[in-house]
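Since the structure comes first, as structure tokens, the remarks are kept for the end.
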Amino acid sequence: MQAGNVCHSRRCAPVVAPHDSAASSSRSRLQPVRAQQAEASPGLLAKLGRVIKEKAAGDYERFFKGTSKTRERLGLVEELLTFWSLEDYEDTLEELEEALITADFGPKTALTIVDGLREELKAGSIKTADDMRSALKRQIISLLEPASNSSSSSSSSGKTSELQLQGEPAVLLIVGVNGAGKTTTIGKLAHRLSKEGARVLLAPGDTFRAAAAEQLAEWARRSGAKMGTFKEGGRPGGVLAAACNDAKQQKDVDVVICDTAGRLHTAYALMEELANCRKSIANVLPKQPCETLLVLDGTTGLNMLNQAREFNDTVPLSGLILTKLDGTARGGAVVSVVDQLKLPVKFIGVGETPEDLQPFDAVNFAEALFPAAKQQ
Ligand SMILES: Nc1nc2c(ncn2[C@@H]2O[C@H](COP(=O)(O)OP(=O)(O)O)[C@@H](O)[C@H]2O)c(=O)[nH]1
Ligand SMILES: [Mg+2]
């Protein structure tokens, strides 16, 4: 297929100068937002990450449902929390550590959690089952938060779980191995951003397979995004640069989301190509990409750790997206990955519909894994 100039979106209408009156009418959907911030478009974008996160907070049900398999796997923990006694808490901690490991928290992270609980027990601040459950959640949140707490945007790393959209346009580079869920995640992201009034362009950087561009074009159609020009067998960096250049020149796009071909983190040449993609984007828009996000298949559990390290060495990552958590009991790996890589999880995938990409929230995550007994 030559998907070149594929453009299903109503926004792919002729591009017009920013102050053209025709442009105003074609952008009517954006007017309320844009009018408020007139020339401060970067302000609108900067807020979008927070807006999306706040709106999703009301969608805890979906988050809860999407983590059900991991919660079931951790069922034993509920028993431990209910029937432990102060006299033999060491046995309880040992069993708890094992239970966490079965849900892919990983030995190191499970030990950190249990050590934290032991400290609190020794200090006498845990006496009841509720105290124990709260302390467990606190430990998990504190592991998830150094890198992913929204308030940590002021932290030294500057890495936050909120999507950081900066620049005109802001560019997101999405990377990962084959089948991790990159293209689906891009579609879901486009859907969320479009819903908030952002004008999105999807750049088909997976030039190996025409089917990949078709899949992306379908998401563009569904989300009302603009679709970039596809060049089968073309240089991915060139395709992404062309999309960024188009957005820069035409000024009709707020966010460019760049798809890339899946690659094994062990394939040196392909990983180098990814570094080139990043450079090609920066050649057109020097401060971009503002986010480089690694999509990880949540069903692979702890195996994702090595993958993430290799990708991070090639293209410095600003965050992670963990997909398919709905299909796995290995959700504890989310905590392990953040604990060990100190990279924030920005979104989790909990299903295949557009709404099933949920902004990650450490408190909600801990709550979903260890709900208060009466909620179960
Ligand atoms: N259940 C579930 N399936 C997902 C999720 N994200 C992606 N998928 C599926 O995973 C498969 C691979 O996704 P795709 O986006 O093509 O992966 P890519 O090769 O990384 O671009 C598709 O069948 C998607 O529908 C998710 O969060 N939950
Ligand atoms: Mg793909």
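FYI, nothing fancy with the structure tokens labels: chains A, B, ... in order, residues from 1 per chain, ligands from 1 as they appear.
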
DSSP-assigned helix (DSSP H, G or I) among range 224-296 of chain A, expressed as a PyMOL selection string:
chain A and resi 236-250+268-284

Export of the given selection (N, CA and C atoms) as an mmCIF file, in the first residue's frame:
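What landed in part24.cif:
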data_model
loop_
_atom_site.group_PDB
_atom_site.id
_atom_site.type_symbol
_atom_site.label_atom_id
_atom_site.label_comp_id
_atom_site.auth_asym_id
_atom_site.auth_seq_id
_atom_site.Cartn_x
_atom_site.Cartn_y
_atom_site.Cartn_z
ATOM 1 N N PRO A 236 13.066 5.938 8.449
ATOM 2 C CA PRO A 236 12.117 6.378 9.472
ATOM 3 C C PRO A 236 12.387 7.809 9.954
ATOM 4 N N GLY A 237 13.680 8.135 10.120
ATOM 5 C CA GLY A 237 14.021 9.490 10.576
ATOM 6 C C GLY A 237 13.500 10.535 9.588
ATOM 7 N N GLY A 238 13.588 10.220 8.298
ATOM 8 C CA GLY A 238 13.136 11.146 7.265
ATOM 9 C C GLY A 238 11.625 11.350 7.329
ATOM 10 N N VAL A 239 10.917 10.249 7.536
ATOM 11 C CA VAL A 239 9.447 10.326 7.607
ATOM 12 C C VAL A 239 9.025 11.170 8.819
ATOM 13 N N LEU A 240 9.685 10.944 9.959
ATOM 14 C CA LEU A 240 9.325 11.690 11.172
ATOM 15 C C LEU A 240 9.694 13.168 11.025
ATOM 16 N N ALA A 241 10.876 13.421 10.423
ATOM 17 C CA ALA A 241 11.303 14.807 10.219
ATOM 18 C C ALA A 241 10.318 15.523 9.297
ATOM 19 N N ALA A 242 9.858 14.822 8.260
ATOM 20 C CA ALA A 242 8.917 15.439 7.312
ATOM 21 C C ALA A 242 7.618 15.817 8.033
ATOM 22 N N ALA A 243 7.154 14.921 8.898
ATOM 23 C CA ALA A 243 5.912 15.210 9.637
ATOM 24 C C ALA A 243 6.110 16.423 10.549
ATOM 25 N N CYS A 244 7.266 16.456 11.231
ATOM 26 C CA CYS A 244 7.539 17.581 12.141
ATOM 27 C C CYS A 244 7.653 18.880 11.348
ATOM 28 N N ASN A 245 8.297 18.788 10.189
ATOM 29 C CA ASN A 245 8.469 19.969 9.357
ATOM 30 C C ASN A 245 7.114 20.485 8.877
ATOM 31 N N ASP A 246 6.268 19.553 8.489
ATOM 32 C CA ASP A 246 4.927 19.911 8.035
ATOM 33 C C ASP A 246 4.186 20.654 9.148
ATOM 34 N N ALA A 247 4.246 20.079 10.364
ATOM 35 C CA ALA A 247 3.544 20.693 11.500
ATOM 36 C C ALA A 247 4.124 22.074 11.799
ATOM 37 N N LYS A 248 5.444 22.186 11.674
ATOM 38 C CA LYS A 248 6.113 23.461 11.969
ATOM 39 C C LYS A 248 5.707 24.540 10.955
ATOM 40 N N GLN A 249 5.725 24.147 9.680
ATOM 41 C CA GLN A 249 5.418 25.107 8.620
ATOM 42 C C GLN A 249 3.944 25.495 8.605
ATOM 43 N N GLN A 250 3.099 24.480 8.715
ATOM 44 C CA GLN A 250 1.666 24.732 8.539
ATOM 45 C C GLN A 250 1.025 25.312 9.793
ATOM 46 N N TYR A 268 21.515 -4.032 17.546
ATOM 47 C CA TYR A 268 22.301 -2.805 17.622
ATOM 48 C C TYR A 268 21.938 -1.792 16.523
ATOM 49 N N ALA A 269 21.915 -2.295 15.250
ATOM 50 C CA ALA A 269 21.685 -1.375 14.126
ATOM 51 C C ALA A 269 20.320 -0.704 14.241
ATOM 52 N N LEU A 270 19.343 -1.490 14.656
ATOM 53 C CA LEU A 270 17.987 -0.933 14.760
ATOM 54 C C LEU A 270 17.886 0.060 15.910
ATOM 55 N N MET A 271 18.624 -0.223 16.963
ATOM 56 C CA MET A 271 18.615 0.714 18.082
ATOM 57 C C MET A 271 19.286 2.024 17.671
ATOM 58 N N GLU A 272 20.342 1.921 16.872
ATOM 59 C CA GLU A 272 21.012 3.124 16.368
ATOM 60 C C GLU A 272 20.059 3.958 15.512
ATOM 61 N N GLU A 273 19.252 3.234 14.747
ATOM 62 C CA GLU A 273 18.288 3.929 13.887
ATOM 63 C C GLU A 273 17.325 4.769 14.738
ATOM 64 N N LEU A 274 17.027 4.224 15.914
ATOM 65 C CA LEU A 274 16.136 4.944 16.822
ATOM 66 C C LEU A 274 16.789 6.251 17.286
ATOM 67 N N ALA A 275 18.082 6.154 17.566
ATOM 68 C CA ALA A 275 18.810 7.367 17.968
ATOM 69 C C ALA A 275 18.755 8.377 16.821
ATOM 70 N N ASN A 276 18.828 7.868 15.580
ATOM 71 C CA ASN A 276 18.743 8.758 14.421
ATOM 72 C C ASN A 276 17.378 9.413 14.293
ATOM 73 N N CYS A 277 16.339 8.640 14.623
ATOM 74 C CA CYS A 277 14.975 9.198 14.576
ATOM 75 C C CYS A 277 14.914 10.417 15.493
ATOM 76 N N ARG A 278 15.500 10.244 16.664
ATOM 77 C CA ARG A 278 15.471 11.320 17.655
ATOM 78 C C ARG A 278 16.205 12.561 17.106
ATOM 79 N N LYS A 279 17.368 12.295 16.512
ATOM 80 C CA LYS A 279 18.160 13.412 15.963
ATOM 81 C C LYS A 279 17.413 14.100 14.829
ATOM 82 N N SER A 280 16.771 13.290 13.979
ATOM 83 C CA SER A 280 16.063 13.867 12.823
ATOM 84 C C SER A 280 14.950 14.803 13.293
ATOM 85 N N ILE A 281 14.277 14.408 14.375
ATOM 86 C CA ILE A 281 13.215 15.266 14.916
ATOM 87 C C ILE A 281 13.834 16.569 15.433
ATOM 88 N N ALA A 282 14.939 16.421 16.190
ATOM 89 C CA ALA A 282 15.585 17.596 16.792
ATOM 90 C C ALA A 282 16.176 18.525 15.739
ATOM 91 N N ASN A 283 16.545 17.968 14.576
ATOM 92 C CA ASN A 283 17.066 18.828 13.510
ATOM 93 C C ASN A 283 15.998 19.802 13.023
ATOM 94 N N VAL A 284 14.763 19.367 13.059
ATOM 95 C CA VAL A 284 13.665 20.227 12.606
ATOM 96 C C VAL A 284 13.162 21.099 13.754
#

Would you mind listing the residues within 12 Å of ligand 2, counting only C-alpha atoms and all ligand atoms, as a PyMOL selection string?
chain A and resi 174-187+203-217+219+258-263+295

Skip range 320-329 of chain A itself and residues of its chain fewer than 6 positions away, then list as a PDB file with C-alpha atoms, in the first residue's frame all residues within 7 Å of it, counting only C-alpha atoms.
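Wrote result-v5.pdb, looks like this:
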ATOM      1  CA  GLY A  66      -7.871  -3.441  34.590  1.00  0.00           C
ATOM      2  CA  THR A  67      -5.768  -4.604  37.530  1.00  0.00           C
ATOM      3  CA  LYS A  69      -5.762 -10.306  37.663  1.00  0.00           C
ATOM      4  CA  THR A  70      -2.885  -8.934  39.716  1.00  0.00           C
ATOM      5  CA  ARG A  73      -2.878 -13.109  42.448  1.00  0.00           C
ATOM      6  CA  ALA A 103       2.994 -10.956  41.382  1.00  0.00           C
ATOM      7  CA  GLY A 181       1.266  -1.936  21.971  1.00  0.00           C
ATOM      8  CA  LEU A 293       8.120   7.126  25.893  1.00  0.00           C
ATOM      9  CA  LEU A 294       8.901   3.442  26.028  1.00  0.00           C
ATOM     10  CA  VAL A 295       5.900   1.169  25.618  1.00  0.00           C
ATOM     11  CA  LEU A 296       6.302  -2.066  27.581  1.00  0.00           C
ATOM     12  CA  ASP A 297       4.119  -5.136  27.398  1.00  0.00           C
ATOM     13  CA  GLY A 298       2.957  -5.588  30.993  1.00  0.00           C
ATOM     14  CA  THR A 299       2.410  -9.316  30.483  1.00  0.00           C
ATOM     15  CA  LEU A 343      11.510   6.476  35.415  1.00  0.00           C
ATOM     16  CA  PRO A 344       7.886   7.485  35.791  1.00  0.00           C
ATOM     17  CA  VAL A 345       5.035   5.407  34.425  1.00  0.00           C
ATOM     18  CA  LYS A 346       2.893   7.898  32.517  1.00  0.00           C
ATOM     19  CA  PHE A 347       0.053   5.663  31.380  1.00  0.00           C
ATOM     20  CA  ILE A 348      -1.112   2.103  31.735  1.00  0.00           C
ATOM     21  CA  GLY A 349      -3.112   0.161  29.168  1.00  0.00           C
ATOM     22  CA  VAL A 350      -6.008  -1.746  30.695  1.00  0.00           C
ATOM     23  CA  GLY A 351      -7.903  -2.863  27.586  1.00  0.00           C
TER      24      GLY A 351
END

Residue list (strand (DSSP E), DSSP) for range 21-262 of chain A, as a ChimeraX atom specification
/A:170-175,200-205,226-227,255-260

Just-selected residues, N, CA and C atoms written as a JSON list (two decimals), in the first residue's frame:
[["chain", "number", "residue", "atom", "x", "y", "z"],
["A", 170, "ALA", "N", 4.44, 20.18, 20.11],
["A", 170, "ALA", "CA", 5.11, 19.25, 21.01],
["A", 170, "ALA", "C", 5.22, 17.91, 20.27],
["A", 171, "VAL", "N", 6.37, 17.26, 20.42],
["A", 171, "VAL", "CA", 6.54, 15.98, 19.71],
["A", 171, "VAL", "C", 6.75, 14.85, 20.72],
["A", 172, "LEU", "N", 6.00, 13.78, 20.55],
["A", 172, "LEU", "CA", 6.15, 12.59, 21.38],
["A", 172, "LEU", "C", 6.74, 11.49, 20.51],
["A", 173, "LEU", "N", 7.83, 10.90, 20.99],
["A", 173, "LEU", "CA", 8.44, 9.77, 20.26],
["A", 173, "LEU", "C", 8.11, 8.50, 21.04],
["A", 174, "ILE", "N", 7.49, 7.55, 20.34],
["A", 174, "ILE", "CA", 7.03, 6.32, 21.01],
["A", 174, "ILE", "C", 7.88, 5.15, 20.52],
["A", 175, "VAL", "N", 8.51, 4.47, 21.46],
["A", 175, "VAL", "CA", 9.43, 3.38, 21.10],
["A", 175, "VAL", "C", 9.09, 2.11, 21.87],
["A", 200, "VAL", "N", -3.84, 16.98, 16.64],
["A", 200, "VAL", "CA", -2.82, 15.93, 16.69],
["A", 200, "VAL", "C", -2.45, 15.45, 15.29],
["A", 201, "LEU", "N", -1.17, 15.21, 15.08],
["A", 201, "LEU", "CA", -0.70, 14.60, 13.82],
["A", 201, "LEU", "C", 0.00, 13.29, 14.17],
["A", 202, "LEU", "N", -0.38, 12.22, 13.50],
["A", 202, "LEU", "CA", 0.27, 10.93, 13.72],
["A", 202, "LEU", "C", 1.31, 10.70, 12.61],
["A", 203, "ALA", "N", 2.55, 10.46, 13.03],
["A", 203, "ALA", "CA", 3.64, 10.30, 12.05],
["A", 203, "ALA", "C", 4.01, 8.82, 11.94],
["A", 204, "PRO", "N", 3.83, 8.24, 10.73],
["A", 204, "PRO", "CA", 4.05, 6.79, 10.58],
["A", 204, "PRO", "C", 5.52, 6.41, 10.40],
["A", 205, "GLY", "N", 6.23, 6.35, 11.52],
["A", 205, "GLY", "CA", 7.67, 6.05, 11.48],
["A", 205, "GLY", "C", 7.98, 4.56, 11.37],
["A", 226, "LYS", "N", -4.75, 14.13, 12.34],
["A", 226, "LYS", "CA", -4.22, 14.22, 10.98],
["A", 226, "LYS", "C", -3.21, 13.08, 10.81],
["A", 227, "MET", "N", -3.12, 12.55, 9.61],
["A", 227, "MET", "CA", -2.20, 11.43, 9.38],
["A", 227, "MET", "C", -1.04, 11.91, 8.52],
["A", 255, "VAL", "N", 0.29, 18.69, 18.64],
["A", 255, "VAL", "CA", 1.09, 17.55, 19.10],
["A", 255, "VAL", "C", 1.34, 16.58, 17.95],
["A", 256, "VAL", "N", 2.61, 16.27, 17.72],
["A", 256, "VAL", "CA", 2.96, 15.24, 16.73],
["A", 256, "VAL", "C", 3.30, 13.97, 17.53],
["A", 257, "ILE", "N", 2.63, 12.87, 17.21],
["A", 257, "ILE", "CA", 2.98, 11.61, 17.90],
["A", 257, "ILE", "C", 3.65, 10.70, 16.88],
["A", 258, "CYS", "N", 4.90, 10.33, 17.17],
["A", 258, "CYS", "CA", 5.71, 9.58, 16.22],
["A", 258, "CYS", "C", 5.69, 8.09, 16.54],
["A", 259, "ASP", "N", 5.17, 7.31, 15.62],
["A", 259, "ASP", "CA", 5.21, 5.85, 15.75],
["A", 259, "ASP", "C", 6.58, 5.37, 15.24],
["A", 260, "THR", "N", 7.04, 4.26, 15.76],
["A", 260, "THR", "CA", 8.29, 3.68, 15.25],
["A", 260, "THR", "C", 8.10, 2.18, 15.11]]

Set the distance at 12 Å and use only C-alpha atoms: which residues neighbour Asp115 in chain A once local chain neighbours fewer than 5 positions away are removed? I'd like the list as a ChimeraX atom specification.
/A:90,93-94,96-97,107-110,120-122,135-136,139-140

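With distances restricted to only C-alpha atoms and all ligand atoms, A:Glu352 is the closest residue to ligand 1 from A:Glu352, A:Asp361, A:Glu61, A:Asp91.
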
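Comparing the minimum interatomic distances between ligand 1 and each of A:Asn364, A:Thr353, A:Thr229, A:Gln164, counting only C-alpha atoms and all ligand atoms, we find that A:Thr353 sits nearest.
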
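The residue that comes closest to ligand 1, out of A:Arg71, A:Lys55, A:Lys65, A:Arg133 and on the basis of only C-alpha atoms and all ligand atoms, is A:Lys65.
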
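Distances from A:Phe230, A:Phe105, A:Tyr89, A:Phe370 to Lys137 in chain A were compared using only C-alpha atoms, and the smallest one belongs to A:Phe370.
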
Using only C-alpha atoms, determine which residues lie at most 8 Å from Pro354 in chain A, disregarding the query and same-chain residues fewer than 5 positions distant; provide the list as a compact mmCIF listing (two decimals) with N, CA and C atoms, in the first residue's frame.
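Now in part.txt:
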# COMPACT_ATOMS: atom_id res chain seq x y z
N GLY A 187 -2.84 5.58 19.25
CA GLY A 187 -4.23 5.84 18.90
C GLY A 187 -5.03 6.30 20.11
N LYS A 188 -4.81 5.63 21.22
CA LYS A 188 -5.54 6.00 22.44
C LYS A 188 -5.14 7.39 22.93
N LEU A 189 -3.83 7.68 22.81
CA LEU A 189 -3.34 9.00 23.22
C LEU A 189 -3.94 10.10 22.34
N HIS A 191 -6.67 10.01 20.82
CA HIS A 191 -8.07 10.14 21.20
C HIS A 191 -8.20 11.07 22.42
N ARG A 192 -7.38 10.83 23.44
CA ARG A 192 -7.46 11.64 24.67
C ARG A 192 -7.10 13.10 24.39

Which neighbours of Ile52 in chain A fall inside 10 Å, counting only C-alpha atoms, when residues of the same chain fewer than 3 positions from it are skipped, and could you give them as JSON, numbers by chain?
{"A": [47, 48, 49, 55, 56, 57, 162, 163, 192, 193, 195, 196, 358, 359]}

Okay, now the selection with C-alpha atoms, as a short mmCIF file (atom, residue, chain, number, x, y, z; two decimals), in the first residue's frame?
data_model
loop_
_atom_site.label_atom_id
_atom_site.label_comp_id
_atom_site.auth_asym_id
_atom_site.auth_seq_id
_atom_site.Cartn_x
_atom_site.Cartn_y
_atom_site.Cartn_z
CA LYS A 47 -1.75 21.94 31.18
CA LEU A 48 -3.04 19.08 29.09
CA GLY A 49 -1.13 16.37 30.95
CA LYS A 55 -10.33 13.73 34.38
CA ALA A 56 -9.20 10.12 34.52
CA ALA A 57 -9.19 10.19 38.33
CA GLU A 162 2.06 13.73 33.91
CA LEU A 163 2.53 14.00 30.19
CA ARG A 192 -7.46 11.64 24.67
CA LEU A 193 -5.56 14.67 23.37
CA LYS A 195 -10.88 15.21 23.13
CA GLU A 196 -9.18 18.00 25.06
CA GLN A 358 -5.29 5.41 31.89
CA PRO A 359 -2.96 8.10 33.25
#

Name the closest residue to Leu81 in chain A among the candidates A:Thr112, A:Glu310, A:Gly228, A:Pro371; distances are taken between atoms, counting only C-alpha atoms.
A:Pro371

At what distance in Å, to one decimal, does CA of Leu369 in chain A lie from atom 5 (C, counted along the ligand's line) of ligand 1?
19.5 Å

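Among A:Glu232, A:Asp104, A:Glu291, A:Glu168, the residue with the shortest atom-to-atom distance to Met304 in chain A, counting only C-alpha atoms, is A:Asp104.
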
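CA of Asn303 in chain A to CA of Ala366 in chain A spans 21.6 Å [interatomic distance, one decimal].
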